[in-house]
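J.: The file below is query.pdb, PDB, C-alpha atoms and all ligand atoms:
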```pdb
ATOM      1  CA  MET A1362       4.964  13.125   0.806
ATOM      2  CA  LYS A1363       8.243  11.408   0.029
ATOM      3  CA  VAL A1364       8.356   7.748  -1.014
ATOM      4  CA  THR A1365      11.732   6.022  -1.360
ATOM      5  CA  LEU A1366      12.428   2.504  -2.546
ATOM      6  CA  LEU A1367      15.062   1.706   0.086
ATOM      7  CA  SER A1368      15.922  -1.761  -1.125
ATOM      8  CA  HIS A1369      14.647  -4.726  -3.103
ATOM      9  CA  THR A1370      15.568  -8.290  -4.049
ATOM     10  CA  ILE A1371      18.684  -7.880  -6.200
ATOM     11  CA  ASP A1372      17.174  -9.075  -9.466
ATOM     12  CA  PRO A1373      13.515  -9.659  -8.612
ATOM     13  CA  GLU A1374      12.418 -11.105 -11.941
ATOM     14  CA  ALA A1375      15.429 -13.462 -12.175
ATOM     15  CA  VAL A1376      14.613 -14.908  -8.734
ATOM     16  CA  VAL A1377      10.927 -15.231  -9.600
ATOM     17  CA  ALA A1378      11.758 -16.878 -12.936
ATOM     18  CA  ALA A1379      14.074 -19.352 -11.149
ATOM     19  CA  ALA A1380      11.282 -20.190  -8.683
ATOM     20  CA  ILE A1381       8.814 -20.750 -11.523
ATOM     21  CA  ASN A1382      11.431 -22.801 -13.367
ATOM     22  CA  GLN A1383      11.763 -25.048 -10.301
ATOM     23  CA  CYS A1384       8.104 -26.047 -10.630
ATOM     24  CA  TYR A1385       8.685 -27.455 -14.126
ATOM     25  CA  SER A1386      12.328 -28.527 -14.058
ATOM     26  CA  ALA A1387      14.401 -31.391 -12.616
ATOM     27  CA  LYS A1388      17.328 -28.937 -12.307
ATOM     28  CA  GLY A1389      18.335 -27.414  -8.992
ATOM     29  CA  GLY A1390      20.559 -24.724  -7.449
ATOM     30  CA  GLU A1391      22.375 -22.228  -9.681
ATOM     31  CA  GLU A1392      21.283 -24.194 -12.762
ATOM     32  CA  LEU A1393      17.778 -22.826 -12.287
ATOM     33  CA  LYS A1394      18.986 -19.370 -13.277
ATOM     34  CA  GLU A1395      20.954 -20.534 -16.321
ATOM     35  CA  ASN A1396      19.710 -20.108 -19.872
ATOM     36  CA  ILE A1397      16.736 -17.998 -18.916
ATOM     37  CA  SER A1398      16.615 -15.421 -21.687
ATOM     38  CA  THR A1399      14.722 -12.166 -21.278
ATOM     39  CA  GLU A1400      11.969 -13.632 -23.468
ATOM     40  CA  LYS A1401      11.742 -16.820 -21.401
ATOM     41  CA  ARG A1402      11.632 -14.804 -18.180
ATOM     42  CA  GLU A1403       8.773 -12.709 -19.540
ATOM     43  CA  ARG A1404       6.925 -15.845 -20.711
ATOM     44  CA  LEU A1405       7.347 -17.662 -17.371
ATOM     45  CA  ILE A1406       6.145 -14.661 -15.391
ATOM     46  CA  GLY A1407       3.229 -14.199 -17.819
ATOM     47  CA  ILE A1408       2.145 -17.813 -17.219
ATOM     48  CA  VAL A1409       1.893 -17.432 -13.423
ATOM     49  CA  MET A1410       0.318 -14.004 -13.621
ATOM     50  CA  ASN A1411      -2.399 -15.277 -15.940
ATOM     51  CA  SER A1412      -3.009 -18.547 -14.089
ATOM     52  CA  GLY A1413      -2.911 -16.957 -10.622
ATOM     53  CA  HIS A1414      -0.090 -19.289  -9.479
ATOM     54  CA  LEU A1415       1.140 -16.325  -7.484
ATOM     55  CA  SER A1416       3.095 -17.925  -4.638
ATOM     56  CA  THR A1417       6.036 -17.877  -7.084
ATOM     57  CA  ILE A1418       6.210 -14.076  -7.106
ATOM     58  CA  GLU A1419       6.427 -13.956  -3.303
ATOM     59  CA  HIS A1420      10.200 -14.516  -3.636
ATOM     60  CA  ALA A1421      10.723 -10.880  -4.646
ATOM     61  CA  SER A1422      10.412  -8.251  -1.954
ATOM     62  CA  PHE A1423      10.561  -4.472  -1.837
ATOM     63  CA  THR A1424      11.304  -2.115   1.077
ATOM     64  CA  PHE A1425       9.946   1.435   1.112
ATOM     65  CA  ALA A1426      10.619   4.422   3.366
ATOM     66  CA  VAL A1427       7.761   6.897   3.468
ATOM     67  CA  GLU A1428       7.678  10.276   5.186
ATOM     68  CA  GLY A1429       5.411  13.293   5.165
ATOM     69  CA  VAL A1430       2.240  11.249   5.459
ATOM     70  CA  SER A1431      -0.502  11.284   8.068
ATOM     71  CA  ARG A1432      -1.217   8.753  10.766
ATOM     72  CA  ALA A1433      -4.601   8.371   9.011
ATOM     73  CA  LEU A1434      -2.685   6.973   6.027
ATOM     74  CA  THR A1435      -0.476   4.614   8.022
ATOM     75  CA  HIS A1436      -3.492   3.294   9.924
ATOM     76  CA  GLN A1437      -4.859   2.127   6.573
ATOM     77  CA  LEU A1438      -1.463   0.907   5.396
ATOM     78  CA  VAL A1439      -0.880  -1.399   8.362
ATOM     79  CA  ARG A1440      -4.186  -3.150   7.636
ATOM     80  CA  HIS A1441      -2.190  -4.920   4.914
ATOM     81  CA  ARG A1442      -1.067  -7.828   7.074
ATOM     82  CA  VAL A1443       1.234  -9.501   4.558
ATOM     83  CA  ALA A1444       4.009  -6.966   5.150
ATOM     84  CA  SER A1445       6.556  -5.859   7.764
ATOM     85  CA  PHE A1446       6.388  -2.399   9.327
ATOM     86  CA  SER A1447       8.635  -0.114  11.425
ATOM     87  CA  GLN A1448       7.067   3.228  12.291
ATOM     88  CA  GLN A1449       8.328   6.336  14.077
ATOM     89  CA  SER A1450       7.148   6.020  17.684
ATOM     90  CA  GLN A1451       5.110   8.710  19.421
ATOM     91  CA  ARG A1452       6.392   7.289  22.726
ATOM     92  CA  TYR A1453      10.106   7.667  22.001
ATOM     93  CA  VAL A1454       9.957  10.657  19.649
ATOM     94  CA  LYS A1455       8.428  13.531  21.635
ATOM     95  CA  PHE A1456       7.396  16.774  19.955
ATOM     96  CA  LYS A1457       9.292  19.765  21.347
ATOM     97  CA  ASN A1458       7.296  22.845  22.399
ATOM     98  CA  GLY A1459       4.096  21.103  21.331
ATOM     99  CA  GLU A1460       5.021  21.634  17.676
ATOM    100  CA  PHE A1461       4.484  18.816  15.220
ATOM    101  CA  ASP A1462       4.116  18.517  11.465
ATOM    102  CA  TYR A1463       0.727  17.591  10.127
ATOM    103  CA  ILE A1464      -0.988  16.852   6.840
ATOM    104  CA  ILE A1465      -3.973  18.911   5.754
ATOM    105  CA  PRO A1466      -6.086  17.017   3.187
ATOM    106  CA  PRO A1467      -6.194  18.991  -0.108
ATOM    107  CA  LYS A1468      -9.990  19.423  -0.011
ATOM    108  CA  ILE A1469      -9.648  21.190   3.349
ATOM    109  CA  SER A1470      -6.618  23.289   2.432
ATOM    110  CA  ALA A1471      -8.434  24.436  -0.716
ATOM    111  CA  ASP A1472     -10.875  26.294   1.550
ATOM    112  CA  LYS A1473      -8.984  29.227   3.148
ATOM    113  CA  ASN A1474     -11.390  29.585   6.038
ATOM    114  CA  LEU A1475     -11.423  25.881   6.926
ATOM    115  CA  LYS A1476      -7.649  25.662   6.525
ATOM    116  CA  LYS A1477      -7.135  28.507   9.005
ATOM    117  CA  LYS A1478      -9.501  26.895  11.534
ATOM    118  CA  PHE A1479      -7.752  23.541  11.032
ATOM    119  CA  GLU A1480      -4.374  25.128  11.783
ATOM    120  CA  GLN A1481      -5.721  26.885  14.877
ATOM    121  CA  LYS A1482      -7.188  23.637  16.241
ATOM    122  CA  ILE A1483      -3.855  21.857  15.703
ATOM    123  CA  GLU A1484      -1.997  24.645  17.518
ATOM    124  CA  GLY A1485      -4.403  24.254  20.441
ATOM    125  CA  LEU A1486      -3.820  20.492  20.546
ATOM    126  CA  GLY A1487      -0.058  21.074  20.452
ATOM    127  CA  ARG A1488      -0.257  23.498  23.396
ATOM    128  CA  PHE A1489      -2.258  21.027  25.485
ATOM    129  CA  TYR A1490       0.156  18.196  24.538
ATOM    130  CA  GLU A1491       3.035  20.355  25.787
ATOM    131  CA  GLU A1492       1.132  21.238  28.965
ATOM    132  CA  MET A1493       0.660  17.519  29.686
ATOM    133  CA  LEU A1494       4.348  16.733  29.115
ATOM    134  CA  ASN A1495       5.265  19.641  31.430
ATOM    135  CA  SER A1496       2.930  18.105  34.023
ATOM    136  CA  LYS A1497       5.005  14.883  33.874
ATOM    137  CA  ILE A1498       2.410  12.971  31.854
ATOM    138  CA  PRO A1499       4.387  10.376  29.835
ATOM    139  CA  ALA A1500       4.468  10.853  26.068
ATOM    140  CA  GLU A1501       2.662   7.535  25.615
ATOM    141  CA  ASP A1502      -0.384   9.103  27.320
ATOM    142  CA  ALA A1503      -0.025  12.713  26.150
ATOM    143  CA  ARG A1504      -0.054  11.524  22.527
ATOM    144  CA  SER A1505      -3.719  10.563  22.947
ATOM    145  CA  ILE A1506      -4.568  14.152  22.065
ATOM    146  CA  LEU A1507      -2.611  14.074  18.790
ATOM    147  CA  PRO A1508      -4.773  13.938  15.653
ATOM    148  CA  ASN A1509      -4.958  11.583  12.673
ATOM    149  CA  ALA A1510      -3.383  14.434  10.687
ATOM    150  CA  CYS A1511      -0.089  14.080  12.611
ATOM    151  CA  GLU A1512       2.876  13.553  10.245
ATOM    152  CA  THR A1513       4.635  10.209  10.511
ATOM    153  CA  LYS A1514       7.417   8.162   8.944
ATOM    154  CA  ILE A1515       7.352   4.458   8.237
ATOM    155  CA  VAL A1516       9.528   1.763   6.675
ATOM    156  CA  PHE A1517       7.781  -1.284   5.282
ATOM    157  CA  THR A1518       8.503  -4.351   3.208
ATOM    158  CA  MET A1519       6.075  -6.210   0.958
ATOM    159  CA  ASN A1520       6.589  -9.069  -1.419
ATOM    160  CA  ALA A1521       5.425  -8.719  -5.030
ATOM    161  CA  ARG A1522       2.201 -10.666  -4.471
ATOM    162  CA  SER A1523       1.212  -8.560  -1.490
ATOM    163  CA  LEU A1524       2.143  -5.415  -3.414
ATOM    164  CA  LEU A1525      -0.156  -6.382  -6.296
ATOM    165  CA  ASN A1526      -2.971  -6.868  -3.769
ATOM    166  CA  PHE A1527      -2.092  -3.497  -2.207
ATOM    167  CA  PHE A1528      -2.133  -1.778  -5.606
ATOM    168  CA  GLU A1529      -5.449  -3.407  -6.530
ATOM    169  CA  HIS A1530      -7.092  -1.926  -3.425
ATOM    170  CA  ARG A1531      -5.273   1.368  -3.067
ATOM    171  CA  LEU A1532      -5.063   2.497  -6.692
ATOM    172  CA  CYS A1533      -8.831   2.169  -6.927
ATOM    173  CA  ILE A1534     -10.616   5.532  -7.034
ATOM    174  CA  ARG A1535     -12.580   4.360  -3.975
ATOM    175  CA  ALA A1536      -9.379   4.379  -1.908
ATOM    176  CA  GLN A1537      -8.688   7.473   0.197
ATOM    177  CA  GLN A1538      -6.820  10.232  -1.670
ATOM    178  CA  GLU A1539      -3.593  10.262   0.372
ATOM    179  CA  ILE A1540      -2.953   6.492   0.320
ATOM    180  CA  ARG A1541      -3.889   6.426  -3.392
ATOM    181  CA  GLU A1542      -1.225   9.073  -4.047
ATOM    182  CA  MET A1543       1.323   7.008  -2.112
ATOM    183  CA  ALA A1544       0.376   3.822  -3.992
ATOM    184  CA  GLY A1545       0.933   5.668  -7.300
ATOM    185  CA  LYS A1546       4.413   6.756  -6.216
ATOM    186  CA  MET A1547       5.245   3.218  -5.049
ATOM    187  CA  LEU A1548       4.194   1.767  -8.397
ATOM    188  CA  ASP A1549       6.346   4.331 -10.245
ATOM    189  CA  LEU A1550       9.333   3.068  -8.217
ATOM    190  CA  VAL A1551       8.838  -0.701  -8.600
ATOM    191  CA  ASN A1552       7.727  -0.688 -12.236
ATOM    192  CA  PRO A1553      11.219  -0.113 -13.706
ATOM    193  CA  VAL A1554      12.698  -2.797 -11.408
ATOM    194  CA  ALA A1555      10.209  -5.559 -12.238
ATOM    195  CA  PRO A1556       8.161  -4.434 -15.271
ATOM    196  CA  ASN A1557       6.909  -7.905 -16.211
ATOM    197  CA  ILE A1558       5.314  -8.271 -12.769
ATOM    198  CA  PHE A1559       4.028  -4.772 -12.169
ATOM    199  CA  LYS A1560       2.497  -4.309 -15.593
ATOM    200  CA  PHE A1561      -0.296  -6.329 -13.952
ATOM    201  CA  ALA A1562      -0.722  -3.756 -11.149
ATOM    202  CA  GLY A1563      -3.807  -1.607 -10.820
ATOM    203  CA  PRO A1564      -7.426  -1.559  -9.737
ATOM    204  CA  SER A1565      -9.391  -4.650 -10.797
ATOM    205  CA  CYS A1566     -11.385  -2.649 -13.379
ATOM    206  CA  GLU A1567      -8.124  -2.087 -15.266
ATOM    207  CA  THR A1568      -6.438  -5.461 -14.676
ATOM    208  CA  GLN A1569      -9.459  -7.788 -14.885
ATOM    209  CA  LYS A1570     -12.142  -5.536 -16.380
ATOM    210  CA  ILE A1571     -14.162  -6.234 -13.237
ATOM    211  CA  CYS A1572     -15.338  -3.792 -10.584
ATOM    212  CA  TRP A1573     -16.256  -5.387  -7.259
ATOM    213  CA  GLU A1574     -17.406  -2.187  -5.576
ATOM    214  CA  GLY A1575     -21.149  -2.710  -6.145
ATOM    215  CA  ASP A1576     -23.342   0.292  -5.339
ATOM    216  CA  LEU A1577     -20.245   2.240  -4.273
ATOM    217  CA  SER A1578     -18.577   1.830  -7.678
ATOM    218  CA  CYS A1579     -17.192   4.989  -9.290
ATOM    219  CA  GLY A1580     -18.543   3.722 -12.625
ATOM    220  CA  LYS A1581     -15.146   3.743 -14.352
ATOM    221  CA  TRP A1582     -15.766   0.152 -15.509
ATOM    222  CA  LYS A1583     -18.461   1.485 -17.878
ATOM    223  CA  GLY A1584     -15.760   3.219 -19.910
ATOM    224  CA  ILE A1585     -13.632   0.065 -20.148
ATOM    225  CA  ARG A1586     -14.299  -2.174 -23.151
ATOM    226  CA  GLY A1587     -15.765  -5.439 -21.831
ATOM    227  CA  GLY A1588     -15.855  -3.970 -18.313
ATOM    228  CA  GLU A1589     -18.436  -5.254 -15.840
ATOM    229  CA  LEU A1590     -19.694  -4.724 -12.322
ATOM    230  CA  ARG A1591     -19.773  -8.027 -10.453
ATOM    231  CA  VAL A1592     -20.599  -9.417  -7.029
ATOM    232  CA  ARG A1593     -18.584 -12.299  -5.598
ATOM    233  CA  ASN A1594     -21.584 -14.323  -4.412
ATOM    234  CA  SER A1595     -25.114 -14.638  -5.664
ATOM    235  CA  GLY A1596     -26.711 -15.746  -2.400
ATOM    236  CA  GLY A1597     -25.624 -19.365  -2.856
ATOM    237  CA  ASP A1598     -27.555 -19.819  -6.132
ATOM    238  CA  LYS A1599     -25.968 -22.478  -8.307
TER     239      LYS A1599
HETATM  240  C1  LIG A1601     -11.847   1.373  -0.493
HETATM  241  C2  LIG A1601     -11.539   0.649   0.785
HETATM  242  C3  LIG A1601     -12.393   0.769   1.861
HETATM  243  C4  LIG A1601     -12.125   0.094   3.060
HETATM  244  N1  LIG A1601     -12.971   0.244   4.109
HETATM  245  C5  LIG A1601     -12.729  -0.396   5.282
HETATM  246  C6  LIG A1601     -13.592  -0.238   6.422
HETATM  247  O1  LIG A1601     -14.579   0.480   6.372
HETATM  248  N2  LIG A1601     -13.276  -0.896   7.559
HETATM  249  C7  LIG A1601     -12.199  -1.725   7.642
HETATM  250  O2  LIG A1601     -11.977  -2.336   8.693
HETATM  251  N3  LIG A1601     -11.357  -1.892   6.592
HETATM  252  C8  LIG A1601     -11.595  -1.255   5.430
HETATM  253  N4  LIG A1601     -10.731  -1.398   4.374
HETATM  254  C9  LIG A1601      -9.546  -2.267   4.543
HETATM  255  C10 LIG A1601      -9.749  -3.645   3.888
HETATM  256  O3  LIG A1601     -10.886  -4.299   4.415
HETATM  257  C11 LIG A1601      -8.514  -4.522   4.103
HETATM  258  O4  LIG A1601      -8.303  -4.711   5.484
HETATM  259  C12 LIG A1601      -7.245  -3.917   3.519
HETATM  260  O5  LIG A1601      -7.485  -3.413   2.224
HETATM  261  C13 LIG A1601      -6.151  -4.974   3.473
HETATM  262  O6  LIG A1601      -6.457  -5.891   2.458
HETATM  263  P1  LIG A1601      -6.116  -7.425   2.566
HETATM  264  O7  LIG A1601      -6.740  -8.064   3.772
HETATM  265  O8  LIG A1601      -6.462  -8.051   1.220
HETATM  266  O9  LIG A1601      -4.510  -7.390   2.692
HETATM  267  P2  LIG A1601      -3.545  -8.294   3.571
HETATM  268  O10 LIG A1601      -3.886  -8.182   5.004
HETATM  269  O11 LIG A1601      -2.158  -7.935   3.147
HETATM  270  O12 LIG A1601      -3.879  -9.766   3.143
HETATM  271  C14 LIG A1601      -3.586 -10.218   1.813
HETATM  272  C15 LIG A1601      -4.424 -11.435   1.531
HETATM  273  O13 LIG A1601      -3.980 -12.507   2.388
HETATM  274  C16 LIG A1601      -5.117 -13.253   2.826
HETATM  275  N5  LIG A1601      -5.214 -13.131   4.284
HETATM  276  C17 LIG A1601      -4.516 -12.276   5.080
HETATM  277  N6  LIG A1601      -4.826 -12.482   6.373
HETATM  278  C18 LIG A1601      -5.748 -13.472   6.399
HETATM  279  C19 LIG A1601      -6.481 -14.112   7.429
HETATM  280  N7  LIG A1601      -6.352 -13.795   8.713
HETATM  281  N8  LIG A1601      -7.320 -15.092   7.096
HETATM  282  C20 LIG A1601      -7.501 -15.463   5.812
HETATM  283  N9  LIG A1601      -6.857 -14.877   4.758
HETATM  284  C21 LIG A1601      -5.995 -13.906   5.061
HETATM  285  C22 LIG A1601      -6.340 -12.664   2.118
HETATM  286  O14 LIG A1601      -6.550 -13.354   0.917
HETATM  287  C23 LIG A1601      -5.908 -11.245   1.813
HETATM  288  O15 LIG A1601      -6.580 -10.674   0.696
HETATM  289  C24 LIG A1601     -10.973  -0.736   3.172
HETATM  290  C25 LIG A1601     -10.117  -0.850   2.074
HETATM  291  C26 LIG A1601     -10.378  -0.165   0.902
HETATM  292  C27 LIG A1601      -9.430  -0.298  -0.262
END
```
Would you mind giving the structure from this file in structure tokens?
Ligand SMILES: Cc1cc2nc3c(=O)[nH]c(=O)nc-3n(C[C@H](O)[C@H](O)[C@H](O)COP(=O)(O)OP(=O)(O)OC[C@H]3O[C@@H](n4cnc5c(N)ncnc54)[C@H](O)[C@@H]3O)c2cc1C

T.:
Amino acid sequence: MKVTLLSHTIDPEAVVAAAINQCYSAKGGEELKENISTEKRERLIGIVMNSGHLSTIEHASFTFAVEGVSRALTHQLVRHRVASFSQQSQRYVKFKNGEFDYIIPPKISADKNLKKKFEQKIEGLGRFYEEMLNSKIPAEDARSILPNACETKIVFTMNARSLLNFFEHRLCIRAQQEIREMAGKMLDLVNPVAPNIFKFAGPSCETQKICWEGDLSCGKWKGIRGGELRVRNSGGDK
């Protein structure tokens, strides 16, 4: 898996601080960015992060290029609707000779026997894919036989608020292993660029001391001082 931070808002925290400043100031334009010391920037961002006034951090956005991941991962990724996506097409990019890259989940590749069977099944799928293309079946139909394991590449952009939501869900131990690994790499890339924002990133047990996972909880909250397992509703009881 390779995760690249392709681009981001030039100075994300300066833009966010200017946006926050606008809420409390009669100033406008370039003046909004003037006289904002590092300390003031940190304080302003801290205020919105703690109060949940998070529309102000939507002004910073981050574009990633990811490769060497499975279609199973990207299917989960694109469920995050507050983002923009551009993915390698299986209609336009045909696999030559029925050969395609694929991702074997670590728990399967750890078992030699299962790994071998997995590889054989993929080879069989590849051969049938090729047979269909040779029979003039268009790639958009032949791809129906390709598995979730198929390697893919995707470029996507998220703003800081959406990213924090993404990290909350996908850095949780309950998230699937591959997307959790990708989320970790993404956080490593954005943290140095906007540390005052992304120091608040993580699963809710770490950021709010609350686990919302109910019976499916991993129990990590028990090891967090003041941690608790909560449900969002109590059946309408007041
Ligand atoms: C451990 C785990 C298990 C999961 N299991 C399943 C599963 O079994 N089946 C399944 O289908 N999905 C599953 N998901 C996906 C999950 O339900 C979400 O679709 C996904 O995490 C995207 O989250 P989101 O909607 O908060 O993000 P985004 O789509 O980026 O939305 C961000 C926020 O914007 C708001 N928002 C966005 N769109 C709307 C809208 N139309 N109306 C109102 N508010 C909106 C919401 O507040 C939302 O939280 C799972 C996710 C995780 C982490």

J.: Could you pull out the residues sitting within 9 Å of ligand LIG 1601 (chain A), using only C-alpha atoms and all ligand atoms, and write them as a list in words?

T.: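 So the residues close to ligand LIG 1601 (chain A) are Gln1437, Leu1438, Val1439, Arg1440, His1441, Arg1442, Val1443, Ala1444, Met1519, Arg1522, Ser1523, Leu1524, Asn1526, Phe1527, Glu1529, His1530, Arg1531, Leu1532, Cys1533, Ile1534, Arg1535, Ala1536, Gln1537 and Glu1574 of chain A.
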
J.: Written as a list in words, what is the full residue list that the PyMOL selection byres (((chain A and resi 1477-1487) around 8) and not hetatm) yields on the file shown?

T.: Asn1458, Gly1459, Glu1460, Phe1461, Ile1465, Lys1473, Asn1474, Leu1475, Lys1476, Arg1488, Phe1489, Tyr1490, Glu1491, Ile1506, Leu1507 and Pro1508 of chain A

J.: Give me the result of the PyMOL selection byres (((chain A and resi 1367) around 8) and not hetatm) on this file, residue by residue, as a ChimeraX atom specification.

T.: /A:1365-1366,1368-1369,1423-1426

J.: So that I can see what lies close to Met1410 in chain A, please list as a list of chain:residue names the residues with an atom at most 10 Å from it, counting all atoms listed in the file and leaving out residues fewer than 6 positions away in the same chain.

T.: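 With the cut-off at 10 Å, the set is A:Arg1404, A:Thr1417, A:Ile1418, A:Arg1522, A:Asn1557, A:Ile1558, A:Phe1561.
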
J.: Can you pull out every residue within 8 Å of range 1380-1382 of chain A, counting only C-alpha atoms, but drop anything in the same chain fewer than 2 positions away, and send it as a list in words?

T.: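 Once the adjacent positions are removed, what remains is Val1376, Val1377, Ala1378, Cys1384, Tyr1385, Ser1386, Leu1393, Leu1405, Ile1406, Val1409, Thr1417 and His1420 of chain A.
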
J.: Which residues match the PyMOL selection byres (((chain A and resi 1512) around 9) and not hetatm) in the file above, as JSON, numbers by chain?

T.: {"A": [1428, 1429, 1430, 1431, 1432, 1461, 1462, 1463, 1464, 1509, 1510, 1511, 1513, 1514]}

J.: To one decimal place, how far is CA of Gly1563 in chain A from CA of Asp1549 in chain A in Å?

T.: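 About the pair CA of Gly1563 in chain A and CA of Asp1549 in chain A: they are 11.8 Å apart.
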
J.: Dump as CSV the rows for residues of range 1409-1474 of chain A within 12 Å of range 1502-1505 of chain A: closest atom pair and distance in Å with one decimal, only C-alpha atoms counted, ordered by chain and rising residue number.

T.:
```
residue,atom,partner,partner_atom,distance
A:Ser1450,CA,A:Arg1504,CA,10.3
A:Gln1451,CA,A:Arg1504,CA,6.7
A:Arg1452,CA,A:Arg1504,CA,7.7
A:Tyr1453,CA,A:Arg1504,CA,10.9
A:Val1454,CA,A:Arg1504,CA,10.5
A:Lys1455,CA,A:Arg1504,CA,8.8
A:Phe1456,CA,A:Arg1504,CA,9.5
A:Gly1459,CA,A:Arg1504,CA,10.5
A:Phe1461,CA,A:Arg1504,CA,11.3
```

J.: Could you write out that same residue set with C-alpha atoms as a compact mmCIF listing (two decimals), keeping the file's coordinate frame?

T.:
```txt
# COMPACT_ATOMS: atom_id res chain seq x y z
CA SER A 1450 7.15 6.02 17.68
CA GLN A 1451 5.11 8.71 19.42
CA ARG A 1452 6.39 7.29 22.73
CA TYR A 1453 10.11 7.67 22.00
CA VAL A 1454 9.96 10.66 19.65
CA LYS A 1455 8.43 13.53 21.64
CA PHE A 1456 7.40 16.77 19.95
CA GLY A 1459 4.10 21.10 21.33
CA PHE A 1461 4.48 18.82 15.22
```

J.: Tell me which of A:Ile1498, A:Met1362, A:Val1516, A:Leu1525 sits closest to Ala1421 in chain A, counting all atoms listed in the file.

T.: A:Leu1525

J.: Find the residue from A:Leu1550, A:Ile1397, A:Cys1572, A:Ile1515 that sits nearest to Leu1434 in chain A; use only C-alpha atoms when measuring.

T.: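 Going through A:Leu1550, A:Ile1397, A:Cys1572, A:Ile1515 one by one, the smallest distance to Leu1434 in chain A is for A:Ile1515.
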
J.: Report, in Å with one decimal, the straight-line distance from CA of Gln1383 in chain A to CA of Lys1560 in chain A.

T.: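 CA of Lys1560 in chain A lies at a distance of 23.3 Å from CA of Gln1383 in chain A.
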
J.: Taking only C-alpha atoms into account, name the residue in A:Glu1567, A:Glu1403, A:Glu1542, A:Asp1576 that is nearest to Lys1363 in chain A.

T.: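 Using only C-alpha atoms, the shortest distance to Lys1363 in chain A belongs to A:Glu1542.
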
J.: Looking at A:His1414, A:Lys1457, A:Pro1556, A:Glu1392, which one is nearest to Asp1372 in chain A, with distances taken over all atoms listed in the file?

T.: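 Of A:His1414, A:Lys1457, A:Pro1556, A:Glu1392, the one nearest Asp1372 in chain A, counting all atoms listed in the file, is A:Pro1556.
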
J.: Would you mind telling me which residue in A:Asp1472, A:Glu1374, A:Glu1589, A:Glu1501 lies nearest to Ser1398 in chain A when using all atoms listed in the file?

T.: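 Among A:Asp1472, A:Glu1374, A:Glu1589, A:Glu1501, it is A:Glu1374 that comes nearest to Ser1398 in chain A.
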
J.: Enter the distance from CA of Thr1435 in chain A to CA of Ser1496 in chain A, in Å, rounded to one decimal.

T.: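 We find that CA of Thr1435 in chain A and CA of Ser1496 in chain A lie 29.5 Å from each other.
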